[in-house]
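A.B. asks: Pasting a structure below so you can have a look.
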Amino acid sequence: MEESRQKEEFLALISEHQDLIRKVAAMYYKNQADQEDAFQEILVNLWKAYPTFRGESKITTWMYRVALNTVISGFRKASNRVHRNRSDVNISDELIKPDREQVSSDDIDVLYQSIDRLTDIEKAVIMLYMEEKTYDDIAEIMGMTRTNVGVKINRIKKKLQKLYKELANGY
Amino acid sequence: MDIDKLKGAWKSYTDRLEEHGSKNTGELREILSRKSEQSLRKLRKNFLIEAGINLAAIPMVLVIVINQFGQVGDHRYYLSGLLVLLLLAFLGFLYNSYIKIYRYEHLDYPLEQKLEEQVERLRRFMKNYAVIGYILYFIVYIVSLLVSAYDNVTGELPRLGVGLLIGVGLFFVLIRPLIRYYLKRLYGRHLDSLIQYLKELNEETRVW
């Protein structure tokens with residue numbers, strides 16, 4: 001009875017924040033089937049970890065922790081981690097509609113290819129940064145110090161800019 | 001191009017993901033029950049594949065000891081029982097470790113802490129696996145050696161000494177590298193990537 005009530009509570013919570021899981025899956029997996037598989041695995045792990053959630057941190061912070069632990073530290077087939085490229089799903093068209101006047105489709109396409117060349121840790125940090133998470137939140141999720149988060153974000157931005165230039169010039 | 005513009009692009013992309021893939025609570029509930037069962041099946045399958053060699057060894061041990069060790073009389077039954085027990089204990093260790101590695105706990109730890117735990121757990125598992133493998137090899141080898149000289153152990157001491165030296169040589173030349181290679185092949189890549197992630201997270205905060 002208690003478990004059933006807890007499950008309903010959990011499902012309502014996940015239903016509200018499921019986009020977070022989908023974003024993590026989309027950051028690490030290109031293929032839709034792999035993304036769905038990752039989504040399901042994260043969901044199961046969230047349920048397993050749910051009894052330990054005591055509301056000490058924000059629900060989204062807790063969810064990011066479990067989701068990133070699942071995709072980064074868990075056993076998954078490395079072959080699933082396929083990099084995106086221009087011939088894959090046309091992400092750029094989906095991406096930039098509201099920003100079309102600011103960012104060109106090719107720019108975004110190249111930018112996504114640059115992100116794919118980041119390490120898994122860098123992807124996690126930049127995703128949380130793009131999600132407008134505070135440095136404190138990122139530090140709590142990743143287990144890093146706040147200073148380290150700031151340094152890492154700057155490094156990743158520089159790396160992305162370098163990769164972006166290389167890719168834009170056709171290297 | 002300004003990297004900060006990526007935030008806007010990311011938002012558009014993820015909004016679209018949400019539009020297309022949003023699930024209702026019924027679908028989430030269904031995934032939860034189906035996937036939990038699937039992950040257990042996967043765990044059992046992985047365990048059975050790795051344990052297959054050990055399971056296959058049990059009838060072989062029984063046949064070899066009972067047929068070949070006739071000189072020790074009824075002791076061969078106790079001996080085969082002991083060897084089977086050792087193999088079963090090894091299987092128990094394997095299963096327990098699999099549960100810890102695949103259905104790992106502390107999912108809500110910060111990433112760095114979780115990685116540290118996973119690395120430690122995997123290292124310990126690999127070390128214990130190797131040590132148990134070495135011990136099993138020496139037990140089987142020494143028992144076989146002693147059985148071969150069952151009637152006259154003291155008279156056969158020089159031959160037993162040479163046999164032991166050969167066994168030790170075989171261990172260093174074949175058994176130890178083989179077990180290490182096997183473990184590295186199965187878990188080495190995963191362990192290396194976890195260590196690399198950890199190193200990356202612990203990097204000094206010096207500016208480039």
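Ordering of the structure tokens sets the chain letters (A, B, ...); residue numbers start at 1 within each chain; ligands are numbered from 1 in the order shown.
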For stretch 43-141 of chain B against stretch 184-203 of chain B, with a cut-off of 7 Å and counting only C-alpha atoms, what is the closest atom pair and its distance in Å to one decimal for every residue that makes the cut, ordered by chain and number, as CSV?
C.D. replies:
residue,atom,partner,partner_atom,distance
B:Glu112,CA,B:Leu198,CA,6.3
B:Leu115,CA,B:Leu194,CA,6.4
B:Val119,CA,B:Leu191,CA,6.4
A.B. asks: Please produce an output containing all heavy atoms for each residue in the selection, written as a PDB file, in the first residue's frame.
C.D. replies:
ATOM      1  N   GLU B 112      31.218  12.751  -8.878  1.00  0.00           N
ATOM      2  CA  GLU B 112      32.595  12.420  -8.505  1.00  0.00           C
ATOM      3  C   GLU B 112      32.637  11.298  -7.465  1.00  0.00           C
ATOM      4  O   GLU B 112      33.396  10.343  -7.589  1.00  0.00           O
ATOM      5  CB  GLU B 112      33.290  13.666  -7.959  1.00  0.00           C
ATOM      6  CG  GLU B 112      34.776  13.444  -7.774  1.00  0.00           C
ATOM      7  CD  GLU B 112      35.382  14.381  -6.747  1.00  0.00           C
ATOM      8  OE1 GLU B 112      34.628  14.967  -5.951  1.00  0.00           O
ATOM      9  OE2 GLU B 112      36.615  14.504  -6.747  1.00  0.00           O
ATOM     10  N   LEU B 115      31.625   8.039  -9.047  1.00  0.00           N
ATOM     11  CA  LEU B 115      32.702   7.475  -9.869  1.00  0.00           C
ATOM     12  C   LEU B 115      33.772   6.838  -8.987  1.00  0.00           C
ATOM     13  O   LEU B 115      34.266   5.750  -9.292  1.00  0.00           O
ATOM     14  CB  LEU B 115      33.333   8.575 -10.735  1.00  0.00           C
ATOM     15  CG  LEU B 115      32.522   9.034 -11.939  1.00  0.00           C
ATOM     16  CD1 LEU B 115      33.126  10.285 -12.554  1.00  0.00           C
ATOM     17  CD2 LEU B 115      32.454   7.940 -13.003  1.00  0.00           C
ATOM     18  N   VAL B 119      34.808   2.974  -9.274  1.00  0.00           N
ATOM     19  CA  VAL B 119      36.190   2.587  -9.569  1.00  0.00           C
ATOM     20  C   VAL B 119      36.699   1.641  -8.485  1.00  0.00           C
ATOM     21  O   VAL B 119      37.270   0.587  -8.771  1.00  0.00           O
ATOM     22  CB  VAL B 119      37.098   3.843  -9.678  1.00  0.00           C
ATOM     23  CG1 VAL B 119      38.569   3.473  -9.657  1.00  0.00           C
ATOM     24  CG2 VAL B 119      36.782   4.617 -10.953  1.00  0.00           C
TER      25      VAL B 119
END
A.B. asks: Would you kindly report the residues of chain B within 6 Å of chain A, using only C-alpha atoms, as a list of chain:residue names?
C.D. replies: B:Lys7, B:Ala9, B:Ser12, B:Tyr13, B:Glu18, B:Thr25, B:Leu32, B:Leu107, B:Asp108, B:Pro110, B:Leu111, B:Glu112, B:Thr205
A.B. asks: Could you jot down the atom CA of B:Tyr129 to atom CA of B:His75 separation for me, Å, one decimal place?
C.D. replies: 28.8 Å
A.B. asks: Which of stretch 27-200 of chain B counts as alpha helix (DSSP H) under DSSP, as a ChimeraX atom specification please?
C.D. replies: /B:27-68,75-102,111-148,157-170,176-183,189-200
A.B. asks: What is the distance, in Å and to one decimal place, between atom CA of A:Leu118 and atom CA of B:Glu120?
C.D. replies: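 Taking atom CA of A:Leu118 as the start and atom CA of B:Glu120 as the end point, the length is 25.5 Å.
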